[in-house]
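target-v2.cif (mmCIF, C-alpha atoms) appears below.
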```cif
data_model
#
loop_
_atom_site.group_PDB
_atom_site.id
_atom_site.type_symbol
_atom_site.label_atom_id
_atom_site.label_comp_id
_atom_site.auth_asym_id
_atom_site.auth_seq_id
_atom_site.Cartn_x
_atom_site.Cartn_y
_atom_site.Cartn_z
ATOM 1 C CA MET A 536 -58.932 -69.939 32.415
ATOM 2 C CA THR A 537 -57.089 -69.818 29.089
ATOM 3 C CA LYS A 538 -57.611 -66.039 28.852
ATOM 4 C CA TYR A 539 -55.912 -65.562 32.224
ATOM 5 C CA LEU A 540 -53.063 -67.782 31.177
ATOM 6 C CA PHE A 541 -52.700 -65.834 27.932
ATOM 7 C CA VAL A 542 -52.672 -62.497 29.809
ATOM 8 C CA PHE A 543 -50.106 -63.851 32.258
ATOM 9 C CA ILE A 544 -47.825 -65.067 29.445
ATOM 10 C CA VAL A 545 -48.109 -61.743 27.579
ATOM 11 C CA PHE A 546 -47.304 -59.886 30.803
ATOM 12 C CA ILE A 547 -44.233 -62.033 31.449
ATOM 13 C CA TRP A 548 -42.994 -61.550 27.873
ATOM 14 C CA SER A 549 -43.518 -57.780 28.032
ATOM 15 C CA VAL A 550 -41.430 -57.207 31.184
ATOM 16 C CA ASN A 551 -37.666 -56.887 31.005
ATOM 17 C CA SER A 552 -35.749 -57.774 34.139
ATOM 18 C CA TYR A 553 -32.206 -56.633 34.741
ATOM 19 C CA ALA A 554 -30.302 -58.230 37.589
ATOM 20 C CA GLN A 555 -27.131 -56.299 36.924
ATOM 21 C CA GLN A 556 -26.392 -53.013 35.320
ATOM 22 C CA THR A 557 -24.509 -53.409 32.077
ATOM 23 C CA ASP A 558 -22.384 -50.843 30.345
ATOM 24 C CA SER A 559 -23.582 -50.139 26.802
ATOM 25 C CA VAL A 560 -19.999 -50.058 25.538
ATOM 26 C CA ASN A 561 -19.145 -53.443 27.046
ATOM 27 C CA SER A 562 -22.416 -55.086 26.016
ATOM 28 C CA SER A 563 -21.667 -54.536 22.317
ATOM 29 C CA ILE A 564 -18.344 -56.398 22.507
ATOM 30 C CA VAL A 565 -18.506 -59.891 21.073
ATOM 31 C CA LEU A 566 -16.181 -62.452 22.593
ATOM 32 C CA VAL A 567 -13.972 -63.948 19.920
ATOM 33 C CA ASN A 568 -12.729 -66.802 22.070
ATOM 34 C CA PRO A 569 -15.318 -67.430 24.812
ATOM 35 C CA HIS A 570 -14.522 -69.618 27.772
ATOM 36 C CA SER A 571 -15.734 -73.074 26.785
ATOM 37 C CA ALA A 572 -17.331 -75.388 29.315
ATOM 38 C CA ASN A 573 -16.932 -78.378 27.007
ATOM 39 C CA LYS A 574 -13.217 -77.675 26.659
ATOM 40 C CA ALA A 575 -12.864 -77.509 30.460
ATOM 41 C CA ALA A 576 -14.695 -80.834 30.850
ATOM 42 C CA ASN A 577 -12.619 -82.497 28.119
ATOM 43 C CA LEU A 578 -9.369 -81.244 29.639
ATOM 44 C CA SER A 579 -10.402 -82.617 33.051
ATOM 45 C CA ALA A 580 -11.351 -85.921 31.470
ATOM 46 C CA MET A 581 -7.942 -86.219 29.780
ATOM 47 C CA LEU A 582 -5.921 -85.219 32.854
ATOM 48 C CA PRO A 583 -7.706 -84.633 36.161
ATOM 49 C CA GLY A 584 -7.182 -81.056 37.326
ATOM 50 C CA LEU A 585 -6.380 -79.645 33.893
ATOM 51 C CA GLY A 586 -9.897 -78.231 33.538
ATOM 52 C CA GLN A 587 -9.510 -76.483 36.888
ATOM 53 C CA VAL A 588 -6.248 -74.917 35.674
ATOM 54 C CA TYR A 589 -8.080 -73.820 32.483
ATOM 55 C CA ASN A 590 -10.756 -72.233 34.716
ATOM 56 C CA LYS A 591 -7.994 -70.434 36.663
ATOM 57 C CA GLN A 592 -8.620 -72.466 39.832
ATOM 58 C CA PRO A 593 -5.287 -74.256 40.291
ATOM 59 C CA TRP A 594 -5.790 -74.496 44.071
ATOM 60 C CA LYS A 595 -8.269 -77.349 43.445
ATOM 61 C CA VAL A 596 -5.674 -79.581 41.764
ATOM 62 C CA PRO A 597 -3.948 -80.716 45.010
ATOM 63 C CA ILE A 598 -7.348 -81.524 46.511
ATOM 64 C CA ILE A 599 -8.237 -83.715 43.529
ATOM 65 C CA TYR A 600 -4.909 -85.556 43.595
ATOM 66 C CA ALA A 601 -4.924 -85.956 47.388
ATOM 67 C CA GLY A 602 -8.383 -87.533 47.254
ATOM 68 C CA ALA A 603 -7.431 -89.772 44.338
ATOM 69 C CA GLY A 604 -4.136 -90.743 45.992
ATOM 70 C CA ALA A 605 -5.823 -91.646 49.264
ATOM 71 C CA LEU A 606 -8.344 -93.795 47.411
ATOM 72 C CA VAL A 607 -5.646 -95.538 45.360
ATOM 73 C CA TYR A 608 -3.730 -96.268 48.564
ATOM 74 C CA SER A 609 -6.934 -97.634 50.118
ATOM 75 C CA ILE A 610 -7.521 -99.862 47.079
ATOM 76 C CA VAL A 611 -4.002 -101.299 47.217
ATOM 77 C CA TRP A 612 -4.027 -101.818 50.997
ATOM 78 C CA ASN A 613 -7.466 -103.459 51.039
ATOM 79 C CA ASN A 614 -6.569 -105.639 48.046
ATOM 80 C CA ASN A 615 -3.381 -106.859 49.754
ATOM 81 C CA ASN A 616 -5.326 -107.786 52.899
ATOM 82 C CA TYR A 617 -8.056 -109.389 50.790
ATOM 83 C CA GLN A 618 -5.478 -111.547 48.988
ATOM 84 C CA LYS A 619 -3.820 -112.474 52.304
ATOM 85 C CA TYR A 620 -7.081 -113.635 53.908
ATOM 86 C CA LEU A 621 -8.227 -115.321 50.703
ATOM 87 C CA ASN A 622 -5.054 -117.402 50.586
ATOM 88 C CA ALA A 623 -5.387 -118.181 54.300
ATOM 89 C CA TYR A 624 -8.988 -119.283 53.725
ATOM 90 C CA LYS A 625 -7.930 -121.532 50.831
ATOM 91 C CA LEU A 626 -5.178 -123.126 52.934
ATOM 92 C CA ASP A 627 -7.292 -123.585 56.079
ATOM 93 C CA SER A 628 -10.387 -124.877 54.293
ATOM 94 C CA ASP A 629 -8.304 -127.534 52.552
ATOM 95 C CA THR A 630 -8.784 -131.008 54.009
ATOM 96 C CA SER A 631 -5.081 -131.730 54.005
ATOM 97 C CA LEU A 632 -3.448 -131.383 57.427
ATOM 98 C CA SER A 633 -0.111 -130.309 55.967
ATOM 99 C CA THR A 634 -1.484 -127.064 54.520
ATOM 100 C CA ASN A 635 -2.038 -124.512 57.251
ATOM 101 C CA SER A 636 -1.961 -120.744 57.006
ATOM 102 C CA GLU A 637 -0.342 -118.244 59.344
ATOM 103 C CA PHE A 638 -3.805 -117.713 60.904
ATOM 104 C CA SER A 639 -4.693 -121.397 61.458
ATOM 105 C CA GLY A 640 -4.750 -121.230 65.261
ATOM 106 C CA LEU A 641 -5.826 -117.588 65.402
ATOM 107 C CA TYR A 642 -8.988 -117.481 63.231
ATOM 108 C CA SER A 643 -11.578 -120.045 62.305
ATOM 109 C CA VAL A 644 -12.563 -120.617 58.675
ATOM 110 C CA GLN A 645 -15.735 -118.556 59.208
ATOM 111 C CA ASN A 646 -13.662 -115.654 60.608
ATOM 112 C CA LEU A 647 -11.387 -115.810 57.561
ATOM 113 C CA ILE A 648 -14.445 -115.626 55.279
ATOM 114 C CA THR A 649 -15.681 -112.577 57.185
ATOM 115 C CA LEU A 650 -12.296 -110.840 57.007
ATOM 116 C CA LYS A 651 -11.887 -111.681 53.317
ATOM 117 C CA ASP A 652 -15.333 -110.258 52.499
ATOM 118 C CA PHE A 653 -14.676 -107.154 54.626
ATOM 119 C CA TYR A 654 -11.494 -106.234 52.741
ATOM 120 C CA ARG A 655 -13.004 -107.075 49.361
ATOM 121 C CA ARG A 656 -15.970 -104.793 50.092
ATOM 122 C CA ASN A 657 -13.693 -101.956 51.224
ATOM 123 C CA ARG A 658 -11.532 -102.381 48.108
ATOM 124 C CA ASP A 659 -14.592 -102.204 45.879
ATOM 125 C CA LEU A 660 -15.991 -99.150 47.700
ATOM 126 C CA SER A 661 -12.633 -97.399 47.362
ATOM 127 C CA ALA A 662 -12.655 -98.091 43.611
ATOM 128 C CA ILE A 663 -16.164 -96.627 43.365
ATOM 129 C CA GLY A 664 -14.960 -93.608 45.342
ATOM 130 C CA LEU A 665 -12.086 -93.144 42.893
ATOM 131 C CA VAL A 666 -14.524 -93.144 39.978
ATOM 132 C CA LEU A 667 -16.682 -90.596 41.827
ATOM 133 C CA VAL A 668 -13.685 -88.307 42.448
ATOM 134 C CA TYR A 669 -12.846 -88.504 38.727
ATOM 135 C CA ALA A 670 -16.452 -87.690 37.774
ATOM 136 C CA ALA A 671 -16.658 -84.857 40.325
ATOM 137 C CA ASN A 672 -13.466 -83.414 38.839
ATOM 138 C CA ILE A 673 -15.065 -83.284 35.383
ATOM 139 C CA ILE A 674 -18.394 -81.943 36.672
ATOM 140 C CA ASP A 675 -16.668 -79.243 38.737
ATOM 141 C CA ALA A 676 -14.645 -78.054 35.732
ATOM 142 C CA TYR A 677 -17.750 -77.973 33.522
ATOM 143 C CA VAL A 678 -19.982 -76.141 36.001
ATOM 144 C CA TYR A 679 -17.378 -73.545 36.931
ATOM 145 C CA ALA A 680 -16.641 -72.907 33.233
ATOM 146 C CA GLN A 681 -20.356 -72.242 32.682
ATOM 147 C CA PHE A 682 -20.193 -69.451 35.272
ATOM 148 C CA TYR A 683 -16.713 -68.211 34.305
ATOM 149 C CA ASN A 684 -17.918 -64.974 32.643
ATOM 150 C CA PHE A 685 -20.719 -64.389 35.138
ATOM 151 C CA ASP A 686 -20.523 -60.955 36.762
ATOM 152 C CA ILE A 687 -20.581 -61.115 40.557
ATOM 153 C CA SER A 688 -20.192 -57.440 41.312
ATOM 154 C CA ASP A 689 -21.489 -55.747 44.457
ATOM 155 C CA ASP A 690 -24.503 -54.286 42.614
ATOM 156 C CA LEU A 691 -26.948 -57.184 42.384
ATOM 157 C CA THR A 692 -30.187 -55.150 42.450
ATOM 158 C CA LEU A 693 -33.163 -56.260 40.391
ATOM 159 C CA ARG A 694 -34.682 -53.645 38.102
ATOM 160 C CA VAL A 695 -38.021 -54.442 36.475
ATOM 161 C CA GLN A 696 -39.090 -52.221 33.581
ATOM 162 C CA PRO A 697 -42.147 -52.556 31.351
ATOM 163 C CA MET A 698 -41.565 -52.908 27.639
ATOM 164 C CA VAL A 699 -43.887 -52.267 24.712
ATOM 165 C CA MET A 700 -43.802 -55.104 22.256
ATOM 166 C CA PRO A 701 -44.616 -54.403 18.607
ATOM 167 C CA GLN A 702 -47.730 -56.196 17.421
ATOM 168 C CA ILE A 703 -47.427 -58.553 14.514
ATOM 169 C CA ASN A 704 -50.439 -58.179 12.223
ATOM 170 C CA ASN A 705 -51.210 -61.929 11.829
ATOM 171 C CA TYR A 706 -50.844 -62.486 15.547
ATOM 172 C CA HIS A 707 -53.231 -59.615 16.377
ATOM 173 C CA THR A 708 -55.809 -60.697 13.761
ATOM 174 C CA TYR A 709 -55.810 -64.313 14.892
ATOM 175 C CA TYR A 710 -56.541 -63.562 18.526
ATOM 176 C CA ASN A 711 -59.094 -60.823 17.788
ATOM 177 C CA GLY A 712 -60.897 -63.137 15.390
ATOM 178 C CA ARG A 713 -60.844 -65.899 18.013
ATOM 179 C CA ASP A 714 -62.419 -63.644 20.628
ATOM 180 C CA ASN A 715 -65.299 -62.839 18.237
ATOM 181 C CA GLY A 716 -65.791 -66.483 17.350
ATOM 182 C CA GLN A 717 -64.200 -66.069 13.915
ATOM 183 C CA LEU A 718 -61.062 -67.715 12.698
ATOM 184 C CA SER A 719 -59.088 -66.174 9.864
#
```

Show me this structure written as structure tokens.
Amino acid sequence: MTKYLFVFIVFIWSVNSYAQQTDSVNSSIVLVNPHSANKAANLSAMLPGLGQVYNKQPWKVPIIYAGAGALVYSIVWNNNNYQKYLNAYKLDSDTSLSTNSEFSGLYSVQNLITLKDFYRRNRDLSAIGLVLVYAANIIDAYVYAQFYNFDISDDLTLRVQPMVMPQINNYHTYYNGRDNGQLS
């Protein structure tokens, strides 16, 4: 079994695969200032959307801010309703007859608890959504920056060519000695 595994590994190492044709002139050029994925992620962490601008995708910035704005609005609206029903619950659950809320004849104390919990839950879920939009902004900038220099030309054919690997003397001696039961 180990011999088959060894043959398979040697075969995989000895085959070169080319998914795209490269120009020999362009392949010798070294990028002095490569597009950095870490820089894109850091820019997006400092100011959401800045990493997308760095990646030359400014059309994503309004989407990020629209999502964040909608979630901030949802947080504020749900928090205001939560505070309103919380205060109504405090007033109506008080034993004093002089303290009644605007909902005293409309909702029971149990209904006020349900409404208060509903708006608190929605406020908390909106805050979690805002954190997720912020994280997705950073992840999107990082992932797109990783693929920034990736060639997506029309020629995406796969060319497999065998390659002869030079034998290293110690490597060759070790495995020949192992096959004969000798170790050097």

Size and centre in Å, one decimal, axis-aligned box, all listed segment 624-634 of chain A atoms plus 4 Å per side, as JSON:
```
{"center_x": -5.2, "center_y": -125.5, "center_z": 54.1, "size_x": 18.3, "size_y": 20.4, "size_z": 14.6}
```

Starting from the PyMOL selection byres ((chain A and resi 582) around 12), expand the selection into actual residues of this file and give them as a ChimeraX atom specification. /A:575-581,583-589,596,599-600,669-670,672-673,676

So, with all atoms listed in the file as the atoms that count, which of A:Val607, A:Met700, A:Leu626, A:Val695 lies closest to Asn657 of chain A?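 Smallest separation from Asn657 of chain A among the options: A:Val607.
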
For the provided coordinates, the residues matched by the PyMOL selection byres ((chain A and resi 614) around 10) should be stated as an mmCIF file with C-alpha atoms, in the coordinates of the input.
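Result saved to out-v6.cif:
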```cif
data_model
loop_
_atom_site.group_PDB
_atom_site.id
_atom_site.type_symbol
_atom_site.label_atom_id
_atom_site.label_comp_id
_atom_site.auth_asym_id
_atom_site.auth_seq_id
_atom_site.Cartn_x
_atom_site.Cartn_y
_atom_site.Cartn_z
ATOM 1 C CA TYR A 608 -3.730 -96.268 48.564
ATOM 2 C CA SER A 609 -6.934 -97.634 50.118
ATOM 3 C CA ILE A 610 -7.521 -99.862 47.079
ATOM 4 C CA VAL A 611 -4.002 -101.299 47.217
ATOM 5 C CA TRP A 612 -4.027 -101.818 50.997
ATOM 6 C CA ASN A 613 -7.466 -103.459 51.039
ATOM 7 C CA ASN A 615 -3.381 -106.859 49.754
ATOM 8 C CA ASN A 616 -5.326 -107.786 52.899
ATOM 9 C CA TYR A 617 -8.056 -109.389 50.790
ATOM 10 C CA GLN A 618 -5.478 -111.547 48.988
ATOM 11 C CA LYS A 619 -3.820 -112.474 52.304
ATOM 12 C CA TYR A 620 -7.081 -113.635 53.908
ATOM 13 C CA LYS A 651 -11.887 -111.681 53.317
ATOM 14 C CA TYR A 654 -11.494 -106.234 52.741
ATOM 15 C CA ARG A 655 -13.004 -107.075 49.361
ATOM 16 C CA ARG A 656 -15.970 -104.793 50.092
ATOM 17 C CA ASN A 657 -13.693 -101.956 51.224
ATOM 18 C CA ARG A 658 -11.532 -102.381 48.108
ATOM 19 C CA ASP A 659 -14.592 -102.204 45.879
#
```

For a quick check of understanding, using all atoms listed in the file, which of A:Leu691, A:Ile598, A:Ala623, A:Ala605 has the smallest distance to Gln645 of chain A? A:Ala623

For atom CA of Leu650 of chain A and atom CA of Asn622 of chain A, quote the distance in Å rounded to one decimal.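 These two atoms are separated by 11.7 Å.
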
So what do you get for atom CA of Leu665 of chain A versus atom CA of Val678 of chain A, distance-wise?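 Atom-to-atom, atom CA of Leu665 of chain A and atom CA of Val678 of chain A are spaced 20.0 Å apart.
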
A:Val644, A:Leu606, A:Leu693, A:Ile687: which is nearest Val666 of chain A, counting only C-alpha atoms?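 With only C-alpha atoms as the atom set, the closest residue is A:Leu606.
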
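Between atom CA of Phe682 of chain A and atom CA of Met698 of chain A there is a distance of 28.1 Å.
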